[in-house]
file input02.csv (CSV, C-alpha atoms and all ligand atoms)
chain,number,residue,atom,x,y,z
A,19,MET,CA,89.1,90.8,146.9
A,20,LYS,CA,86.9,92.4,144.2
A,21,ARG,CA,89.6,95.0,143.5
A,22,ALA,CA,92.3,92.3,143.1
A,23,CYS,CA,90.1,90.4,140.7
A,24,SER,CA,89.6,93.5,138.5
A,25,LEU,CA,93.3,94.1,138.4
A,26,PHE,CA,93.9,90.5,137.4
A,27,ILE,CA,91.4,90.7,134.6
A,28,GLY,CA,92.9,93.9,133.4
A,29,THR,CA,96.3,92.3,133.2
A,30,CYS,CA,94.8,89.4,131.3
A,31,VAL,CA,93.4,91.7,128.7
A,32,LEU,CA,96.7,93.3,128.2
A,33,TRP,CA,98.4,90.0,127.7
A,34,ALA,CA,95.7,88.9,125.2
A,35,ALA,CA,96.2,92.1,123.2
A,36,ALA,CA,100.0,91.6,123.1
A,37,ALA,CA,99.6,87.9,122.1
A,38,GLY,CA,97.1,88.9,119.4
A,39,VAL,CA,99.6,91.3,117.7
A,40,SER,CA,102.3,88.6,117.4
A,41,ALA,CA,99.9,85.7,116.5
A,42,ALA,CA,98.1,87.4,113.6
A,43,PRO,CA,100.4,89.2,111.3
A,44,LYS,CA,98.8,91.7,108.9
A,45,VAL,CA,97.7,90.0,105.7
A,46,THR,CA,98.1,91.7,102.4
A,47,THR,CA,96.2,90.7,99.2
A,48,VAL,CA,98.8,91.0,96.5
A,49,ILE,CA,96.8,89.5,93.7
A,50,GLU,CA,93.1,89.6,92.9
A,51,ASP,CA,91.6,87.5,90.0
A,52,PRO,CA,88.1,87.3,88.7
A,53,ALA,CA,85.9,84.3,89.3
A,54,GLU,CA,84.6,82.1,86.5
A,55,ASP,CA,87.8,82.3,84.3
A,56,ALA,CA,89.3,78.8,84.9
A,57,ASN,CA,88.6,77.8,81.4
A,58,GLY,CA,92.0,77.0,80.1
A,59,LEU,CA,92.2,80.1,77.9
A,60,ASN,CA,95.0,81.6,80.0
A,61,ASP,CA,98.3,81.6,78.3
A,62,GLN,CA,98.6,77.9,77.5
A,63,GLY,CA,102.1,76.5,77.9
A,64,THR,CA,103.5,79.5,79.7
A,65,GLY,CA,100.9,80.5,82.3
A,66,ASP,CA,102.5,83.9,82.6
A,67,GLY,CA,99.2,85.8,82.7
A,68,SER,CA,100.1,88.0,79.8
A,69,ASN,CA,96.9,87.0,78.0
A,70,GLY,CA,94.7,88.4,80.7
A,71,ASP,CA,91.5,86.9,82.2
A,72,HIS,CA,88.8,85.5,80.0
A,73,VAL,CA,85.4,84.6,81.6
A,74,THR,CA,84.0,83.1,78.4
A,75,PRO,CA,83.5,80.4,77.5
A,76,ALA,CA,82.2,79.2,80.9
A,77,ASP,CA,84.8,77.5,83.0
A,78,ALA,CA,84.6,73.9,84.1
A,79,SER,CA,86.5,74.2,87.3
A,80,THR,CA,85.9,75.8,90.7
A,81,VAL,CA,88.9,74.3,92.5
A,82,THR,CA,91.4,75.8,90.0
A,83,ASP,CA,89.6,79.1,89.8
A,84,LEU,CA,91.9,81.5,91.5
A,85,LEU,CA,90.4,84.5,93.4
A,86,SER,CA,93.2,86.0,95.4
A,87,ILE,CA,96.7,85.5,96.8
A,88,ASP,CA,97.3,86.7,100.3
A,89,VAL,CA,100.7,87.2,101.9
A,90,SER,CA,101.9,87.8,105.5
A,91,ASN,CA,104.9,87.0,107.6
A,92,ASP,CA,106.2,86.9,111.1
A,93,ALA,CA,109.8,86.6,112.3
A,94,LYS,CA,110.0,82.9,111.4
A,95,ASN,CA,107.8,82.2,108.4
A,96,LEU,CA,106.3,83.7,105.2
A,97,TYR,CA,102.7,82.7,104.7
A,98,VAL,CA,101.2,82.6,101.1
A,99,THR,CA,97.6,81.7,100.7
A,100,PHE,CA,95.8,81.0,97.4
A,101,GLU,CA,92.1,81.5,97.6
A,102,THR,CA,90.0,79.6,95.0
A,103,GLN,CA,86.3,79.2,94.5
A,104,THR,CA,86.4,75.7,96.1
A,105,ALA,CA,89.4,74.5,98.1
A,106,PRO,CA,91.4,71.6,96.8
A,107,PRO,CA,91.6,68.6,96.4
A,108,ALA,CA,89.4,68.1,93.3
A,109,THR,CA,88.4,64.9,91.5
A,110,GLN,CA,91.1,65.7,89.0
A,111,GLY,CA,94.7,66.1,90.2
A,112,THR,CA,95.5,69.8,90.6
A,113,GLY,CA,98.4,72.1,91.2
A,114,PHE,CA,99.0,75.7,92.1
A,115,ARG,CA,102.0,78.0,91.6
A,116,VAL,CA,102.8,81.4,93.1
A,117,ARG,CA,105.9,83.1,91.7
A,118,PHE,CA,107.9,86.1,92.9
A,119,ASN,CA,110.5,88.1,91.3
A,120,PRO,CA,113.5,89.3,93.3
A,121,ASP,CA,114.6,91.5,90.4
A,122,GLY,CA,111.4,93.5,89.5
A,123,ALA,CA,108.8,93.1,86.8
A,124,ALA,CA,111.3,92.4,84.0
A,125,GLY,CA,113.2,89.7,85.9
A,126,SER,CA,112.9,85.9,85.8
A,127,HIS,CA,110.5,85.0,88.7
A,128,CYS,CA,113.1,82.9,90.5
A,129,ILE,CA,111.1,82.3,93.7
A,130,VAL,CA,108.5,79.7,92.9
A,131,LEU,CA,106.0,78.1,95.4
A,132,GLU,CA,104.1,75.1,94.2
A,133,ALA,CA,101.5,72.9,95.7
A,134,PHE,CA,100.3,69.6,94.2
A,135,TYR,CA,97.1,67.8,95.2
A,136,PRO,CA,96.1,64.2,94.8
A,137,GLY,CA,93.4,63.3,92.2
A,138,ALA,CA,92.7,61.5,89.0
A,139,GLY,CA,95.7,61.6,86.7
A,140,ASN,CA,98.4,61.5,89.4
A,141,ASP,CA,99.5,59.1,92.0
A,142,LEU,CA,100.0,61.5,95.0
A,143,ALA,CA,98.8,60.2,98.3
A,144,ALA,CA,98.9,63.6,100.1
A,145,PRO,CA,99.4,67.3,99.2
A,146,VAL,CA,103.0,68.2,98.3
A,147,GLY,CA,104.3,71.7,98.8
A,148,GLN,CA,107.7,73.0,97.7
A,149,LEU,CA,109.8,76.0,97.2
A,150,ARG,CA,112.2,76.3,94.2
A,151,ASP,CA,114.7,79.1,93.5
A,152,THR,CA,115.1,78.7,89.7
A,153,CYS,CA,118.0,81.2,89.7
A,154,ALA,CA,119.9,79.0,92.1
A,155,GLY,CA,119.5,75.5,90.6
A,156,GLY,CA,115.8,75.1,91.3
A,157,ASP,CA,116.2,72.1,93.7
A,158,PRO,CA,112.9,71.8,95.6
A,159,VAL,CA,112.7,72.5,99.3
A,160,ALA,CA,109.7,70.9,101.0
A,161,VAL,CA,107.2,73.4,102.3
A,162,LYS,CA,104.4,72.7,104.8
A,163,MET,CA,100.9,73.2,103.5
A,164,LEU,CA,98.3,74.4,106.0
A,165,GLY,CA,95.2,74.0,103.9
A,166,PRO,CA,95.8,76.4,100.9
A,167,THR,CA,98.6,78.2,102.8
A,168,PHE,CA,102.3,77.7,102.1
A,169,VAL,CA,104.2,78.0,105.4
A,170,VAL,CA,107.6,78.9,104.2
A,171,PRO,CA,110.6,79.1,106.6
A,172,ARG,CA,112.3,82.4,106.0
A,173,LYS,CA,115.7,80.9,106.4
A,174,ALA,CA,115.0,78.8,103.3
A,175,ASN,CA,116.0,81.6,100.9
A,176,LYS,CA,117.7,85.0,101.1
A,177,ALA,CA,114.7,86.5,99.2
A,178,PHE,CA,112.8,86.3,102.6
A,179,ALA,CA,115.4,88.3,104.5
A,180,LYS,CA,114.4,91.2,106.9
A,181,LYS,CA,112.4,93.9,105.0
A,182,ALA,CA,113.1,92.2,101.7
A,183,VAL,CA,110.6,92.9,98.9
A,184,LEU,CA,108.9,90.1,96.9
A,185,LYS,CA,108.2,91.7,93.6
A,186,ALA,CA,105.7,91.1,90.7
A,187,PRO,CA,103.7,88.2,92.2
A,188,GLN,CA,101.9,86.0,89.7
A,189,ALA,CA,99.9,82.8,90.2
A,190,GLN,CA,98.8,79.8,88.1
A,191,ALA,CA,96.4,76.9,88.7
A,192,PHE,CA,96.7,73.8,86.6
A,193,VAL,CA,95.8,70.2,86.1
A,194,TYR,CA,98.6,68.0,87.6
A,195,VAL,CA,99.3,64.6,86.2
A,196,GLY,CA,101.9,62.0,86.8
A,197,SER,CA,104.0,61.3,90.0
A,198,THR,CA,105.5,63.2,92.8
A,199,PRO,CA,107.1,66.4,91.4
A,200,PRO,CA,109.3,66.8,89.4
A,201,ALA,CA,108.2,63.5,87.8
A,202,GLY,CA,104.7,64.9,86.8
A,203,ALA,CA,103.6,67.7,84.6
A,204,ALA,CA,101.2,70.6,84.4
A,205,LEU,CA,98.8,69.3,81.8
A,206,ILE,CA,96.8,72.5,81.3
A,207,HIS,CA,96.9,75.9,82.9
A,208,THR,CA,93.2,76.4,83.7
A,209,ASP,CA,93.6,79.8,85.4
A,210,THR,CA,96.4,82.4,85.6
A,211,THR,CA,96.6,85.8,87.1
A,212,LYS,CA,98.0,89.1,86.0
A,213,ILE,CA,101.0,90.5,87.8
A,214,GLY,CA,100.1,91.6,91.3
A,215,LYS,CA,101.6,94.1,93.7
A,216,ASN,CA,104.9,93.9,95.6
A,217,TYR,CA,105.0,92.6,99.1
A,218,LYS,CA,107.5,93.9,101.6
A,219,LEU,CA,108.3,91.7,104.6
A,220,VAL,CA,107.5,93.5,107.7
A,221,LYS,CA,110.2,92.1,109.9
B,1,CA,CA,90.0,83.2,88.5
B,2,CA,CA,92.5,84.6,85.8

call {"tool": "encode", "arguments": {"input": "input02.csv", "output": "structure tokens", "more": "lines below"}}
Ligand SMILES: [Ca+2]
Ligand SMILES: [Ca+2]
result
Amino acid sequence: MKRACSLFIGTCVLWAAAAGVSAAPKVTTVIEDPAEDANGLNDQGTGDGSNGDHVTPADASTVTDLLSIDVSNDAKNLYVTFETQTAPPATQGTGFRVRFNPDGAAGSHCIVLEAFYPGAGNDLAAPVGQLRDTCAGGDPVAVKMLGPTFVVPRKANKAFAKKAVLKAPQAQAFVYVGSTPPAGAALIHTDTTKIGKNYKLVK
């Protein structure tokens, strides 16, 4: 009986190991950004990150202070997580954008993920996540938000095809006012990031 039990436990361990591999895809940090630079001095109007990171004067926001962007994928979804000093929502309405470029660093950042959070200045009742392909009309596709993680169905765009490369990632955090997108507006880009490193989908 004891022998049978040991065999059973051994089998369970193997199953757990196999399940762990498929349940937790490897996460890659594609962007790192300093803390304390959500002060609105980051490329006002464009948010493209070309002006760099400025930690003075002191910032006034922790929720829109970007720290990193992490990416992973499995066979079904792409997962993009924005880490900030404090997770949204904030008192003020906020928004976050992560852009990828299917054409390389000099392209047009067609693949745009955006999340908008309720707060003062907007009339959202719940977080809104969306994907837009600005090179293909830009019509928003609803994306599920799991906390600060975009859960993007890979079938939503050919940019997420098997072994595709998402190039030149760049992120922005902003104050979001108005109504449900696209009716609202990014009032001020409080933090932006420099261009990060490419991400190759692993399946
Ligand atoms: Ca930052
Ligand atoms: Ca920054």

call {"tool": "closest_atom_pairs", "arguments": {"input": "input02.csv", "of": "chain A", "to": "ligand CA 1 (chain B)", "cutoff": "8 Å", "atoms": "only C-alpha atoms and all ligand atoms", "output": "tab-separated table"}}
result
residue	atom	partner	partner_atom	distance
A:Asp51	CA	B:CA1	CA	4.8
A:Pro52	CA	B:CA1	CA	4.5
A:Ala53	CA	B:CA1	CA	4.3
A:Glu54	CA	B:CA1	CA	5.9
A:Asp55	CA	B:CA1	CA	4.8
A:Ala56	CA	B:CA1	CA	5.7
A:Asp71	CA	B:CA1	CA	7.5
A:Thr82	CA	B:CA1	CA	7.7
A:Asp83	CA	B:CA1	CA	4.3
A:Leu84	CA	B:CA1	CA	3.9
A:Leu85	CA	B:CA1	CA	5.1
A:Thr102	CA	B:CA1	CA	7.4
A:Asp209	CA	B:CA1	CA	5.8
A:Thr210	CA	B:CA1	CA	7.1
A:Thr211	CA	B:CA1	CA	7.2

call {"tool": "residues_near_point", "arguments": {"input": "input02.csv", "point": "(104.2, 91.8, 91.7)", "cutoff": "9 Å", "atoms": "all atoms listed in the file", "output": "CSV table (one decimal) with C-alpha atoms, in the frame of the given file"}}
result
chain,number,residue,atom,x,y,z
A,48,VAL,CA,98.8,91.0,96.5
A,49,ILE,CA,96.8,89.5,93.7
A,117,ARG,CA,105.9,83.1,91.7
A,118,PHE,CA,107.9,86.1,92.9
A,119,ASN,CA,110.5,88.1,91.3
A,122,GLY,CA,111.4,93.5,89.5
A,123,ALA,CA,108.8,93.1,86.8
A,184,LEU,CA,108.9,90.1,96.9
A,185,LYS,CA,108.2,91.7,93.6
A,186,ALA,CA,105.7,91.1,90.7
A,187,PRO,CA,103.7,88.2,92.2
A,188,GLN,CA,101.9,86.0,89.7
A,212,LYS,CA,98.0,89.1,86.0
A,213,ILE,CA,101.0,90.5,87.8
A,214,GLY,CA,100.1,91.6,91.3
A,215,LYS,CA,101.6,94.1,93.7
A,216,ASN,CA,104.9,93.9,95.6
A,217,TYR,CA,105.0,92.6,99.1

call {"tool": "residues_around", "arguments": {"input": "input02.csv", "residues": "Gly156 of chain A", "least_positions_apart": "3", "cutoff": "9 Å", "atoms": "only C-alpha atoms", "output": "MDAnalysis selection string"}}
result
chainID A and resid 128:130 149:153 159

call {"tool": "atom_distance", "arguments": {"input": "input02.csv", "atom1": "atom CA of Ala179 of chain A", "atom2": "atom CA of Gly113 of chain A"}}
result
27.0 Å

call {"tool": "atom_distance", "arguments": {"input": "input02.csv", "atom1": "atom CA of Asn69 of chain A", "atom2": "atom CA of ligand CA 2 (chain B)"}}
result
9.3 Å

call {"tool": "residues_around", "arguments": {"input": "input02.csv", "residues": "segment 141-143 of chain A", "least_positions_apart": "3", "cutoff": "10 Å", "atoms": "all atoms listed in the file", "output": "short mmCIF file (atom, residue, chain, number, x, y, z; two decimals) with C-alpha atoms, in the frame of the given file"}}
result
data_model
loop_
_atom_site.label_atom_id
_atom_site.label_comp_id
_atom_site.auth_asym_id
_atom_site.auth_seq_id
_atom_site.Cartn_x
_atom_site.Cartn_y
_atom_site.Cartn_z
CA GLY A 111 94.70 66.10 90.20
CA PHE A 134 100.30 69.60 94.20
CA TYR A 135 97.10 67.80 95.20
CA PRO A 136 96.10 64.20 94.80
CA GLY A 137 93.40 63.30 92.20
CA ALA A 138 92.70 61.50 89.00
CA VAL A 146 103.00 68.20 98.30
CA TYR A 194 98.60 68.00 87.60
CA VAL A 195 99.30 64.60 86.20
CA GLY A 196 101.90 62.00 86.80
CA SER A 197 104.00 61.30 90.00
CA THR A 198 105.50 63.20 92.80
CA PRO A 199 107.10 66.40 91.40
CA GLY A 202 104.70 64.90 86.80
#

call {"tool": "closest_residue", "arguments": {"input": "input02.csv", "among": "A:Val183, A:Ala189, A:Ala108, A:Lys173", "to": "ligand CA 2 (chain B)", "atoms": "only C-alpha atoms and all ligand atoms"}}
result
A:Ala189

call {"tool": "atom_distance", "arguments": {"input": "input02.csv", "atom1": "atom CA of Thr99 of chain A", "atom2": "atom CA of Asp77 of chain A"}}
result
22.2 Å

call {"tool": "closest_residue", "arguments": {"input": "input02.csv", "among": "A:Pro43, A:Pro171, A:Gly65, A:Pro107", "to": "Gln190 of chain A", "atoms": "only C-alpha atoms"}}
result
A:Gly65

call {"tool": "closest_residue", "arguments": {"input": "input02.csv", "among": "A:Asn57, A:Gln148, A:Asn91, A:Ser68", "to": "His207 of chain A", "atoms": "all atoms listed in the file"}}
result
A:Asn57

call {"tool": "closest_residue", "arguments": {"input": "input02.csv", "among": "A:Ala76, A:Leu96, A:Ala177, A:Leu59", "to": "Ile206 of chain A", "atoms": "all atoms listed in the file"}}
result
A:Leu59

call {"tool": "closest_residue", "arguments": {"input": "input02.csv", "among": "A:Val193, A:Ile87, A:Thr208, A:Thr46", "to": "ligand CA 2 (chain B)", "atoms": "all atoms listed in the file"}}
result
A:Thr208

call {"tool": "closest_residue", "arguments": {"input": "input02.csv", "among": "A:Val169, A:Met163, A:Ala191, A:Leu219", "to": "ligand CA 2 (chain B)", "atoms": "only C-alpha atoms and all ligand atoms"}}
result
A:Ala191

call {"tool": "decode", "arguments": {"input": "input02.csv", "residues": "segment 74-167 of chain A", "atoms": "C-alpha atoms", "output": "PDB file, in the first residue's frame"}}
result
ATOM      1  CA  THR A  74      12.934  66.905 -11.193  1.00  0.00           C
ATOM      2  CA  PRO A  75      10.820  68.722 -10.299  1.00  0.00           C
ATOM      3  CA  ALA A  76       9.274  66.204  -7.922  1.00  0.00           C
ATOM      4  CA  ASP A  77       6.346  64.320  -9.391  1.00  0.00           C
ATOM      5  CA  ALA A  78       2.827  64.551  -8.063  1.00  0.00           C
ATOM      6  CA  SER A  79       1.569  61.142  -9.068  1.00  0.00           C
ATOM      7  CA  THR A  80       2.344  57.593  -8.002  1.00  0.00           C
ATOM      8  CA  VAL A  81      -0.423  55.899  -9.974  1.00  0.00           C
ATOM      9  CA  THR A  82       0.848  57.273 -13.305  1.00  0.00           C
ATOM     10  CA  ASP A  83       4.527  56.738 -12.473  1.00  0.00           C
ATOM     11  CA  LEU A  84       5.500  53.908 -14.813  1.00  0.00           C
ATOM     12  CA  LEU A  85       8.173  51.479 -13.613  1.00  0.00           C
ATOM     13  CA  SER A  86       8.137  48.638 -16.110  1.00  0.00           C
ATOM     14  CA  ILE A  87       6.260  46.888 -18.876  1.00  0.00           C
ATOM     15  CA  ASP A  88       6.218  43.097 -18.798  1.00  0.00           C
ATOM     16  CA  VAL A  89       5.116  40.883 -21.683  1.00  0.00           C
ATOM     17  CA  SER A  90       4.370  37.187 -21.983  1.00  0.00           C
ATOM     18  CA  ASN A  91       2.189  34.968 -24.106  1.00  0.00           C
ATOM     19  CA  ASP A  92       0.670  31.559 -24.378  1.00  0.00           C
ATOM     20  CA  ALA A  93      -1.014  29.932 -27.340  1.00  0.00           C
ATOM     21  CA  LYS A  94      -4.207  31.914 -26.823  1.00  0.00           C
ATOM     22  CA  ASN A  95      -3.327  35.329 -25.407  1.00  0.00           C
ATOM     23  CA  LEU A  96      -0.705  38.029 -25.220  1.00  0.00           C
ATOM     24  CA  TYR A  97      -0.286  39.476 -21.720  1.00  0.00           C
ATOM     25  CA  VAL A  98       1.034  43.013 -21.287  1.00  0.00           C
ATOM     26  CA  THR A  99       1.397  44.347 -17.741  1.00  0.00           C
ATOM     27  CA  PHE A 100       2.211  47.914 -16.776  1.00  0.00           C
ATOM     28  CA  GLU A 101       3.769  48.277 -13.344  1.00  0.00           C
ATOM     29  CA  THR A 102       3.403  51.635 -11.615  1.00  0.00           C
ATOM     30  CA  GLN A 103       4.333  52.921  -8.181  1.00  0.00           C
ATOM     31  CA  THR A 104       0.702  52.527  -7.091  1.00  0.00           C
ATOM     32  CA  ALA A 105      -1.898  50.531  -8.986  1.00  0.00           C
ATOM     33  CA  PRO A 106      -4.843  52.411 -10.510  1.00  0.00           C
ATOM     34  CA  PRO A 107      -7.451  53.739 -10.076  1.00  0.00           C
ATOM     35  CA  ALA A 108      -6.435  57.143  -8.685  1.00  0.00           C
ATOM     36  CA  THR A 109      -8.521  60.065  -7.447  1.00  0.00           C
ATOM     37  CA  GLN A 110      -7.993  61.624 -10.872  1.00  0.00           C
ATOM     38  CA  GLY A 111      -9.090  59.772 -14.010  1.00  0.00           C
ATOM     39  CA  THR A 112      -6.068  58.041 -15.535  1.00  0.00           C
ATOM     40  CA  GLY A 113      -5.027  56.229 -18.676  1.00  0.00           C
ATOM     41  CA  PHE A 114      -2.145  54.058 -19.841  1.00  0.00           C
ATOM     42  CA  ARG A 115      -0.883  53.260 -23.319  1.00  0.00           C
ATOM     43  CA  VAL A 116       1.589  50.658 -24.543  1.00  0.00           C
ATOM     44  CA  ARG A 117       2.550  50.836 -28.212  1.00  0.00           C
ATOM     45  CA  PHE A 118       4.324  48.333 -30.432  1.00  0.00           C
ATOM     46  CA  ASN A 119       5.723  48.709 -33.830  1.00  0.00           C
ATOM     47  CA  PRO A 120       5.422  45.948 -36.367  1.00  0.00           C
ATOM     48  CA  ASP A 121       7.862  47.740 -38.675  1.00  0.00           C
ATOM     49  CA  GLY A 122      10.878  48.461 -36.469  1.00  0.00           C
ATOM     50  CA  ALA A 123      12.079  51.533 -34.647  1.00  0.00           C
ATOM     51  CA  ALA A 124      11.365  53.933 -37.514  1.00  0.00           C
ATOM     52  CA  GLY A 125       7.798  52.749 -38.115  1.00  0.00           C
ATOM     53  CA  SER A 126       4.532  54.139 -36.934  1.00  0.00           C
ATOM     54  CA  HIS A 127       3.698  52.202 -33.732  1.00  0.00           C
ATOM     55  CA  CYS A 128       0.470  50.791 -35.167  1.00  0.00           C
ATOM     56  CA  ILE A 129      -0.317  48.368 -32.353  1.00  0.00           C
ATOM     57  CA  VAL A 130      -1.744  50.372 -29.467  1.00  0.00           C
ATOM     58  CA  LEU A 131      -3.026  48.992 -26.160  1.00  0.00           C
ATOM     59  CA  GLU A 132      -4.882  51.455 -23.952  1.00  0.00           C
ATOM     60  CA  ALA A 133      -6.476  51.238 -20.521  1.00  0.00           C
ATOM     61  CA  PHE A 134      -8.670  53.952 -19.013  1.00  0.00           C
ATOM     62  CA  TYR A 135      -9.635  54.147 -15.357  1.00  0.00           C
ATOM     63  CA  PRO A 136     -12.495  55.929 -13.618  1.00  0.00           C
ATOM     64  CA  GLY A 137     -11.745  59.036 -11.576  1.00  0.00           C
ATOM     65  CA  ALA A 138     -12.288  62.747 -11.300  1.00  0.00           C
ATOM     66  CA  GLY A 139     -12.579  64.359 -14.720  1.00  0.00           C
ATOM     67  CA  ASN A 140     -14.155  61.419 -16.525  1.00  0.00           C
ATOM     68  CA  ASP A 141     -17.428  59.532 -16.315  1.00  0.00           C
ATOM     69  CA  LEU A 142     -16.191  55.954 -16.607  1.00  0.00           C
ATOM     70  CA  ALA A 143     -17.872  53.475 -14.270  1.00  0.00           C
ATOM     71  CA  ALA A 144     -15.269  50.716 -14.717  1.00  0.00           C
ATOM     72  CA  PRO A 145     -11.856  50.255 -16.338  1.00  0.00           C
ATOM     73  CA  VAL A 146     -11.901  50.108 -20.130  1.00  0.00           C
ATOM     74  CA  GLY A 147      -9.245  48.220 -22.100  1.00  0.00           C
ATOM     75  CA  GLN A 148      -8.841  48.326 -25.842  1.00  0.00           C
ATOM     76  CA  LEU A 149      -6.581  47.418 -28.742  1.00  0.00           C
ATOM     77  CA  ARG A 150      -6.284  49.649 -31.786  1.00  0.00           C
ATOM     78  CA  ASP A 151      -4.378  48.985 -34.994  1.00  0.00           C
ATOM     79  CA  THR A 152      -3.821  52.513 -36.227  1.00  0.00           C
ATOM     80  CA  CYS A 153      -2.415  51.255 -39.537  1.00  0.00           C
ATOM     81  CA  ALA A 154      -5.679  49.428 -40.218  1.00  0.00           C
ATOM     82  CA  GLY A 155      -8.311  52.031 -39.401  1.00  0.00           C
ATOM     83  CA  GLY A 156      -7.775  52.168 -35.656  1.00  0.00           C
ATOM     84  CA  ASP A 157     -11.193  50.827 -34.661  1.00  0.00           C
ATOM     85  CA  PRO A 158     -11.005  49.779 -31.007  1.00  0.00           C
ATOM     86  CA  VAL A 159     -11.310  46.124 -30.030  1.00  0.00           C
ATOM     87  CA  ALA A 160     -12.287  45.534 -26.401  1.00  0.00           C
ATOM     88  CA  VAL A 161      -9.529  43.949 -24.330  1.00  0.00           C
ATOM     89  CA  LYS A 162     -10.033  42.396 -20.912  1.00  0.00           C
ATOM     90  CA  MET A 163      -8.087  43.998 -18.063  1.00  0.00           C
ATOM     91  CA  LEU A 164      -6.867  41.766 -15.248  1.00  0.00           C
ATOM     92  CA  GLY A 165      -5.668  44.400 -12.796  1.00  0.00           C
ATOM     93  CA  PRO A 166      -2.909  46.215 -14.687  1.00  0.00           C
ATOM     94  CA  THR A 167      -2.617  43.420 -17.281  1.00  0.00           C
TER      95      THR A 167
END
